[in-house]
Structure formats: C-alpha cells, structure tokens
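The file my_file.cif contains mmCIF, C-alpha atoms:
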```cif
data_query
loop_
_atom_site.group_PDB
_atom_site.id
_atom_site.type_symbol
_atom_site.label_atom_id
_atom_site.label_comp_id
_atom_site.auth_asym_id
_atom_site.auth_seq_id
_atom_site.Cartn_x
_atom_site.Cartn_y
_atom_site.Cartn_z
ATOM 1 C CA MET A 1 83.046 99.337 111.005
ATOM 2 C CA THR A 2 81.408 98.492 114.280
ATOM 3 C CA HIS A 3 78.201 96.491 114.275
ATOM 4 C CA ASN A 4 76.421 99.581 115.585
ATOM 5 C CA ASP A 5 77.631 101.560 112.546
ATOM 6 C CA VAL A 6 76.291 98.852 110.246
ATOM 7 C CA LEU A 7 72.899 98.860 112.022
ATOM 8 C CA ARG A 8 72.633 102.646 111.767
ATOM 9 C CA SER A 9 73.721 102.691 108.111
ATOM 10 C CA LEU A 10 71.345 99.933 107.014
ATOM 11 C CA ARG A 11 68.458 101.459 108.978
ATOM 12 C CA TYR A 12 69.079 104.749 107.194
ATOM 13 C CA LEU A 13 69.413 102.991 103.835
ATOM 14 C CA LEU A 14 66.138 101.093 104.274
ATOM 15 C CA ASN A 15 64.385 104.148 105.764
ATOM 16 C CA ILE A 16 62.657 102.052 108.428
ATOM 17 C CA THR A 17 61.389 102.685 111.949
ATOM 18 C CA ASP A 18 62.773 101.214 115.153
ATOM 19 C CA ALA A 19 59.776 98.872 115.309
ATOM 20 C CA LYS A 20 60.518 97.553 111.813
ATOM 21 C CA LEU A 21 64.179 97.073 112.776
ATOM 22 C CA CYS A 22 63.073 95.015 115.789
ATOM 23 C CA GLU A 23 60.872 92.961 113.460
ATOM 24 C CA ILE A 24 63.837 92.277 111.160
ATOM 25 C CA VAL A 25 65.865 90.991 114.133
ATOM 26 C CA ARG A 26 62.910 88.737 115.060
ATOM 27 C CA LEU A 27 62.790 87.379 111.497
ATOM 28 C CA GLY A 28 66.381 86.243 112.058
ATOM 29 C CA GLY A 29 65.449 84.455 115.281
ATOM 30 C CA GLY A 30 66.569 87.175 117.684
ATOM 31 C CA ASP A 31 64.746 89.297 120.190
ATOM 32 C CA VAL A 32 65.423 92.922 120.982
ATOM 33 C CA SER A 33 63.201 95.532 122.598
ATOM 34 C CA GLN A 34 62.803 99.015 121.188
ATOM 35 C CA ALA A 35 64.574 100.442 124.259
ATOM 36 C CA GLU A 36 67.574 98.165 123.648
ATOM 37 C CA LEU A 37 67.527 99.104 119.989
ATOM 38 C CA VAL A 38 67.619 102.818 120.809
ATOM 39 C CA ALA A 39 70.778 102.169 122.881
ATOM 40 C CA LEU A 40 72.308 100.217 119.986
ATOM 41 C CA LEU A 41 71.628 103.032 117.516
ATOM 42 C CA ARG A 42 73.339 105.678 119.668
ATOM 43 C CA LYS A 43 76.875 106.823 118.856
ATOM 44 C CA GLU A 44 79.729 105.665 121.090
ATOM 45 C CA ASP A 45 80.108 109.021 122.820
ATOM 46 C CA GLU A 46 76.390 109.369 123.621
ATOM 47 C CA GLU A 47 74.953 108.486 126.983
ATOM 48 C CA GLY A 48 73.142 105.144 127.033
ATOM 49 C CA TYR A 49 75.224 103.648 124.189
ATOM 50 C CA ARG A 50 75.339 99.855 124.068
ATOM 51 C CA ALA A 51 77.648 97.846 121.813
ATOM 52 C CA CYS A 52 75.983 95.405 119.411
ATOM 53 C CA GLY A 53 77.234 91.854 119.851
ATOM 54 C CA ASP A 54 78.006 89.271 117.185
ATOM 55 C CA ASP A 55 74.920 87.160 117.939
ATOM 56 C CA LEU A 56 72.492 90.067 117.537
ATOM 57 C CA MET A 57 74.260 91.262 114.378
ATOM 58 C CA ALA A 58 74.143 87.774 112.860
ATOM 59 C CA ARG A 59 70.418 87.514 113.616
ATOM 60 C CA PHE A 60 69.808 90.986 112.150
ATOM 61 C CA LEU A 61 71.631 90.027 108.944
ATOM 62 C CA ASN A 62 69.697 86.755 108.628
ATOM 63 C CA GLY A 63 66.477 88.697 109.231
ATOM 64 C CA LEU A 64 67.513 91.276 106.629
ATOM 65 C CA VAL A 65 67.780 88.547 103.995
ATOM 66 C CA ILE A 66 64.301 87.280 104.893
ATOM 67 C CA TYR A 67 62.900 90.842 104.998
ATOM 68 C CA LYS A 68 64.234 91.726 101.555
ATOM 69 C CA ARG A 69 63.792 88.370 99.761
ATOM 70 C CA GLY A 70 61.076 86.550 101.666
ATOM 71 C CA ASN A 71 61.177 83.373 103.705
ATOM 72 C CA ASP A 72 61.644 80.076 101.877
ATOM 73 C CA GLU A 73 59.710 77.560 103.981
ATOM 74 C CA SER A 74 61.338 74.627 102.155
ATOM 75 C CA ARG A 75 64.774 75.565 103.501
ATOM 76 C CA PRO A 76 65.906 75.322 107.116
ATOM 77 C CA PRO A 77 66.597 78.604 108.933
ATOM 78 C CA GLN A 78 70.067 80.049 108.392
ATOM 79 C CA PRO A 79 72.468 79.183 111.220
ATOM 80 C CA VAL A 80 73.885 82.002 113.291
ATOM 81 C CA GLU A 81 77.518 82.363 112.259
ATOM 82 C CA VAL A 82 79.786 84.098 114.740
ATOM 83 C CA PRO A 83 82.054 85.991 114.817
ATOM 84 C CA VAL A 84 80.510 88.401 112.333
ATOM 85 C CA THR A 85 83.266 89.908 110.183
ATOM 86 C CA ASN A 86 83.072 92.573 107.498
ATOM 87 C CA ASN A 87 83.250 89.736 104.949
ATOM 88 C CA ALA A 88 80.174 88.073 106.479
ATOM 89 C CA ILE A 89 78.303 91.400 106.464
ATOM 90 C CA LEU A 90 79.296 91.927 102.827
ATOM 91 C CA LYS A 91 77.984 88.472 101.885
ATOM 92 C CA LYS A 92 74.647 88.980 103.653
ATOM 93 C CA VAL A 93 74.160 92.452 102.134
ATOM 94 C CA ARG A 94 74.913 91.023 98.698
ATOM 95 C CA VAL A 95 72.303 88.282 99.166
ATOM 96 C CA ALA A 96 69.686 90.576 100.753
ATOM 97 C CA PHE A 97 69.884 93.203 98.018
ATOM 98 C CA GLU A 98 70.396 90.607 95.261
ATOM 99 C CA LEU A 99 73.613 92.241 94.088
ATOM 100 C CA LYS A 100 75.698 90.779 91.302
ATOM 101 C CA GLU A 101 79.440 91.210 91.044
ATOM 102 C CA SER A 102 79.022 93.959 88.452
ATOM 103 C CA ASP A 103 76.518 95.779 90.701
ATOM 104 C CA ILE A 104 78.989 95.851 93.580
ATOM 105 C CA ILE A 105 81.800 97.098 91.332
ATOM 106 C CA THR A 106 79.545 99.881 90.019
ATOM 107 C CA LEU A 107 78.468 100.912 93.537
ATOM 108 C CA ILE A 108 82.077 101.011 94.742
ATOM 109 C CA GLU A 109 83.193 103.034 91.725
ATOM 110 C CA LYS A 110 80.519 105.658 92.539
ATOM 111 C CA SER A 111 82.334 106.281 95.812
ATOM 112 C CA GLY A 112 85.645 106.819 94.050
ATOM 113 C CA LEU A 113 87.232 103.453 94.851
ATOM 114 C CA ARG A 114 88.202 100.840 92.328
ATOM 115 C CA VAL A 115 88.036 97.092 92.754
ATOM 116 C CA SER A 116 88.723 94.324 90.255
ATOM 117 C CA LYS A 117 86.625 91.190 89.908
ATOM 118 C CA GLY A 118 89.492 89.172 91.366
ATOM 119 C CA GLU A 119 89.766 91.406 94.419
ATOM 120 C CA LEU A 120 86.018 91.292 94.909
ATOM 121 C CA SER A 121 85.820 87.508 94.655
ATOM 122 C CA ALA A 122 88.558 87.258 97.310
ATOM 123 C CA PHE A 123 86.155 88.833 99.822
ATOM 124 C CA PHE A 124 83.629 86.032 99.263
ATOM 125 C CA ARG A 125 86.034 83.116 99.729
ATOM 126 C CA ARG A 126 86.360 80.996 102.855
ATOM 127 C CA PRO A 127 88.918 82.337 105.336
ATOM 128 C CA ASP A 128 91.107 79.245 104.895
ATOM 129 C CA HIS A 129 91.304 79.693 101.097
ATOM 130 C CA ARG A 130 94.686 80.881 99.857
ATOM 131 C CA ASN A 131 93.142 83.793 97.917
ATOM 132 C CA TYR A 132 90.930 84.984 100.791
ATOM 133 C CA ARG A 133 91.154 88.691 101.598
ATOM 134 C CA ALA A 134 89.650 90.472 104.590
ATOM 135 C CA CYS A 135 87.126 93.175 103.731
ATOM 136 C CA GLY A 136 88.132 96.526 105.146
ATOM 137 C CA ASP A 137 85.912 99.056 106.871
ATOM 138 C CA GLN A 138 86.301 101.590 104.058
ATOM 139 C CA PHE A 139 85.123 99.111 101.405
ATOM 140 C CA LEU A 140 82.061 98.068 103.424
ATOM 141 C CA ARG A 141 81.198 101.676 104.330
ATOM 142 C CA ASN A 142 81.434 102.770 100.685
ATOM 143 C CA LEU A 143 79.293 99.842 99.496
ATOM 144 C CA ILE A 144 76.507 100.722 101.937
ATOM 145 C CA LYS A 145 76.830 104.396 100.996
ATOM 146 C CA GLY A 146 76.662 103.417 97.313
ATOM 147 C CA LEU A 147 73.460 101.454 97.969
ATOM 148 C CA SER A 148 71.854 104.557 99.443
ATOM 149 C CA TRP A 149 72.655 106.476 96.243
ATOM 150 C CA ALA A 150 71.246 103.772 93.987
#
```
Structure encoded using structure tokens:
Amino acid sequence: MTHNDVLRSLRYLLNITDAKLCEIVRLGGGDVSQAELVALLRKEDEEGYRACGDDLMARFLNGLVIYKRGNDESRPPQPVEVPVTNNAILKKVRVAFELKESDIITLIEKSGLRVSKGELSAFFRRPDHRNYRACGDQFLRNLIKGLSWA
C-alpha cells in the first residue's frame, strides 16, 4: 500500500475533513497545507497527484495516536521513524485504535483472511529479530477495511 492509499483509507475510516487531517499532521509535528493535502489524497492517475513521503506519513501516524488517545505531557514526543513500512503503520494503527491481538485477528477474519497469533506477533517484532515477518499490503488493507466495518 502506498502512503497515499493509507492516508485516503484512514481519512475515510475516521470520516474527517481535510482541515482535521491537516490538524492531525500538526499534532505529529508536521506541517501540510490543505492544498498539499488535496494533492496527496488524489489517485496516482489524477492530475495534480503528489506522492506522500516517509516523513509526512510518520508525522501523520504520530499525530493519529495523539488524536485518538490524547497527548501525554509527561512523555517526550514520539520520534519520527523513517522509513515507514507496513509494519510501522500496523503498529501505529494498533496503538491509535487501542487494538488487542484478538481484536486484530477478529477484524482480519471478517475480511476472509486468517492469521494465527504467532503470525501476528511476527509483524510487531524488530526487523532484526529472527521471527520478524514483513506485513503485506493485503493484510494492512484488510485490517483498515475491517476497522471501517467495526
């Protein structure tokens, strides 16, 4: 999934305006104008399309966690981690929506896929761990789709 796909999907899921999406990016320490955001939300074959970079996506995801869960003033701001992989997006979505392992399994099963607890935990491991597994586009897409059904 491209970062633009993730932005569009999460915007649809949250049912928010462009202005609110800009605010979420600002919560994560980024800055994007509404005009830039409109270009980011376009499809690749549309005129005026602009690809979303790792830095902006990381700031959006950090802002999403703050938007959904609130800002904890006692903790330092989350660092911007780049590159942003599907695994990183999965982790941030899990934290933002306060999903437990069983919640994710249920959401994935609604889309017709099956995942075991072991397979799921492999997505949340560090990349240098021997049991690490890269999260595929289909898994991430179906999780976000499952969230919109919930």
Contacts of range 88-100 of chain A at 6 Å (only C-alpha atoms; same-chain gap of 4+ positions) as a PyMOL selection string: chain A and resi 65+68+84
Contact residues around range 7-14 of chain A with only C-alpha atoms at 12 Å, ignoring same-chain residues under 5 positions, as a ChimeraX atom specification: /A:1-2,19-22,24-25,37-43,51-53,56-61,64,67-68,89,92-93,96-97,140-150
Output as a Markdown table one row per residue of range 31-105 of chain A within 9 Å of range 130-135 of chain A: the closest atom pair and its distance in Å to one decimal place, counting all atoms listed in the file, sorted by chain and residue number ascending.
```
| residue | atom | partner | partner_atom | distance |
| --- | --- | --- | --- | --- |
| A:Thr85 | CA | A:Cys135 | CA | 8.2 |
| A:Asn86 | CA | A:Cys135 | CA | 5.6 |
| A:Asn87 | CA | A:Cys135 | CA | 5.3 |
| A:Leu90 | CA | A:Cys135 | CA | 8.0 |
```
Atoms to include: C-alpha atoms. Write the selected residues as a PDB file, in the coordinates of the input.
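part.pdb was written with the following content:
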```pdb
ATOM      1  CA  THR A  85      83.266  89.908 110.183  1.00  0.00           C
ATOM      2  CA  ASN A  86      83.072  92.573 107.498  1.00  0.00           C
ATOM      3  CA  ASN A  87      83.250  89.736 104.949  1.00  0.00           C
ATOM      4  CA  LEU A  90      79.296  91.927 102.827  1.00  0.00           C
TER       5      LEU A  90
END
```
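Here CA of Ser33 in chain A and CA of Ile66 in chain A stand 19.6 Å from one another.
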From A:Glu44, A:Asp54, A:Asp137, A:Ser116, residue lying nearest Val80 in chain A [only C-alpha atoms]: A:Asp54
Nearest to Val32 in chain A by atom-to-atom distance, counting all atoms listed in the file, from A:Asn15, A:Thr106, A:Ala122, A:Asp55: A:Asp55
Test item: the PyMOL selection byres ((chain A and resi 105) around 10) resolved as an MDAnalysis selection string: chainID A and resid 99:104 106:110 113:117 120 143
Atom pair CA of Glu23 in chain A / CA of Asn71 in chain A: separation (Å):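 For CA of Glu23 in chain A relative to CA of Asn71 in chain A, the distance reads 13.7 Å.
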Atom pair CA of Arg69 in chain A / CA of Ser121 in chain A: separation (Å):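 CA of Arg69 in chain A sits 22.6 Å away from CA of Ser121 in chain A.
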Filled-in N, CA, C and O atoms of range 17-31 of chain A, supplied as a PDB file, keeping the file's coordinate frame:
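Now in part05.pdb:
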```pdb
ATOM      1  N   THR A  17      61.557 102.268 110.555  1.00  0.00           N
ATOM      2  CA  THR A  17      61.389 102.685 111.949  1.00  0.00           C
ATOM      3  C   THR A  17      62.096 101.706 112.879  1.00  0.00           C
ATOM      4  O   THR A  17      62.505 100.616 112.468  1.00  0.00           O
ATOM      5  N   ASP A  18      62.193 102.096 114.142  1.00  0.00           N
ATOM      6  CA  ASP A  18      62.773 101.214 115.153  1.00  0.00           C
ATOM      7  C   ASP A  18      61.959  99.929 115.272  1.00  0.00           C
ATOM      8  O   ASP A  18      62.512  98.841 115.439  1.00  0.00           O
ATOM      9  N   ALA A  19      60.640 100.055 115.199  1.00  0.00           N
ATOM     10  CA  ALA A  19      59.776  98.872 115.309  1.00  0.00           C
ATOM     11  C   ALA A  19      60.047  97.895 114.170  1.00  0.00           C
ATOM     12  O   ALA A  19      60.096  96.683 114.384  1.00  0.00           O
ATOM     13  N   LYS A  20      60.234  98.409 112.963  1.00  0.00           N
ATOM     14  CA  LYS A  20      60.518  97.553 111.813  1.00  0.00           C
ATOM     15  C   LYS A  20      61.890  96.895 111.970  1.00  0.00           C
ATOM     16  O   LYS A  20      62.080  95.740 111.618  1.00  0.00           O
ATOM     17  N   LEU A  21      62.851  97.630 112.539  1.00  0.00           N
ATOM     18  CA  LEU A  21      64.179  97.073 112.776  1.00  0.00           C
ATOM     19  C   LEU A  21      64.112  95.928 113.787  1.00  0.00           C
ATOM     20  O   LEU A  21      64.756  94.891 113.602  1.00  0.00           O
ATOM     21  N   CYS A  22      63.291  96.093 114.815  1.00  0.00           N
ATOM     22  CA  CYS A  22      63.073  95.015 115.789  1.00  0.00           C
ATOM     23  C   CYS A  22      62.458  93.799 115.104  1.00  0.00           C
ATOM     24  O   CYS A  22      62.823  92.656 115.390  1.00  0.00           O
ATOM     25  N   GLU A  23      61.521  94.046 114.205  1.00  0.00           N
ATOM     26  CA  GLU A  23      60.872  92.961 113.460  1.00  0.00           C
ATOM     27  C   GLU A  23      61.890  92.210 112.598  1.00  0.00           C
ATOM     28  O   GLU A  23      61.834  90.980 112.502  1.00  0.00           O
ATOM     29  N   ILE A  24      62.814  92.927 111.985  1.00  0.00           N
ATOM     30  CA  ILE A  24      63.837  92.277 111.160  1.00  0.00           C
ATOM     31  C   ILE A  24      64.711  91.373 112.018  1.00  0.00           C
ATOM     32  O   ILE A  24      65.046  90.251 111.608  1.00  0.00           O
ATOM     33  N   VAL A  25      65.075  91.830 113.222  1.00  0.00           N
ATOM     34  CA  VAL A  25      65.865  90.991 114.133  1.00  0.00           C
ATOM     35  C   VAL A  25      65.066  89.745 114.496  1.00  0.00           C
ATOM     36  O   VAL A  25      65.604  88.632 114.532  1.00  0.00           O
ATOM     37  N   ARG A  26      63.763  89.890 114.731  1.00  0.00           N
ATOM     38  CA  ARG A  26      62.910  88.737 115.060  1.00  0.00           C
ATOM     39  C   ARG A  26      62.825  87.753 113.895  1.00  0.00           C
ATOM     40  O   ARG A  26      62.766  86.543 114.106  1.00  0.00           O
ATOM     41  N   LEU A  27      62.805  88.263 112.665  1.00  0.00           N
ATOM     42  CA  LEU A  27      62.790  87.379 111.497  1.00  0.00           C
ATOM     43  C   LEU A  27      64.034  86.484 111.472  1.00  0.00           C
ATOM     44  O   LEU A  27      63.981  85.360 110.990  1.00  0.00           O
ATOM     45  N   GLY A  28      65.139  87.006 111.999  1.00  0.00           N
ATOM     46  CA  GLY A  28      66.381  86.243 112.058  1.00  0.00           C
ATOM     47  C   GLY A  28      66.496  85.366 113.285  1.00  0.00           C
ATOM     48  O   GLY A  28      67.527  84.743 113.515  1.00  0.00           O
ATOM     49  N   GLY A  29      65.449  85.320 114.102  1.00  0.00           N
ATOM     50  CA  GLY A  29      65.449  84.455 115.281  1.00  0.00           C
ATOM     51  C   GLY A  29      65.935  85.135 116.542  1.00  0.00           C
ATOM     52  O   GLY A  29      66.148  84.478 117.552  1.00  0.00           O
ATOM     53  N   GLY A  30      66.108  86.439 116.509  1.00  0.00           N
ATOM     54  CA  GLY A  30      66.569  87.175 117.684  1.00  0.00           C
ATOM     55  C   GLY A  30      65.431  87.890 118.370  1.00  0.00           C
ATOM     56  O   GLY A  30      64.291  87.850 117.922  1.00  0.00           O
ATOM     57  N   ASP A  31      65.747  88.529 119.471  1.00  0.00           N
ATOM     58  CA  ASP A  31      64.746  89.297 120.190  1.00  0.00           C
ATOM     59  C   ASP A  31      65.422  90.517 120.782  1.00  0.00           C
ATOM     60  O   ASP A  31      66.433  90.401 121.479  1.00  0.00           O
TER      61      ASP A  31
END
```
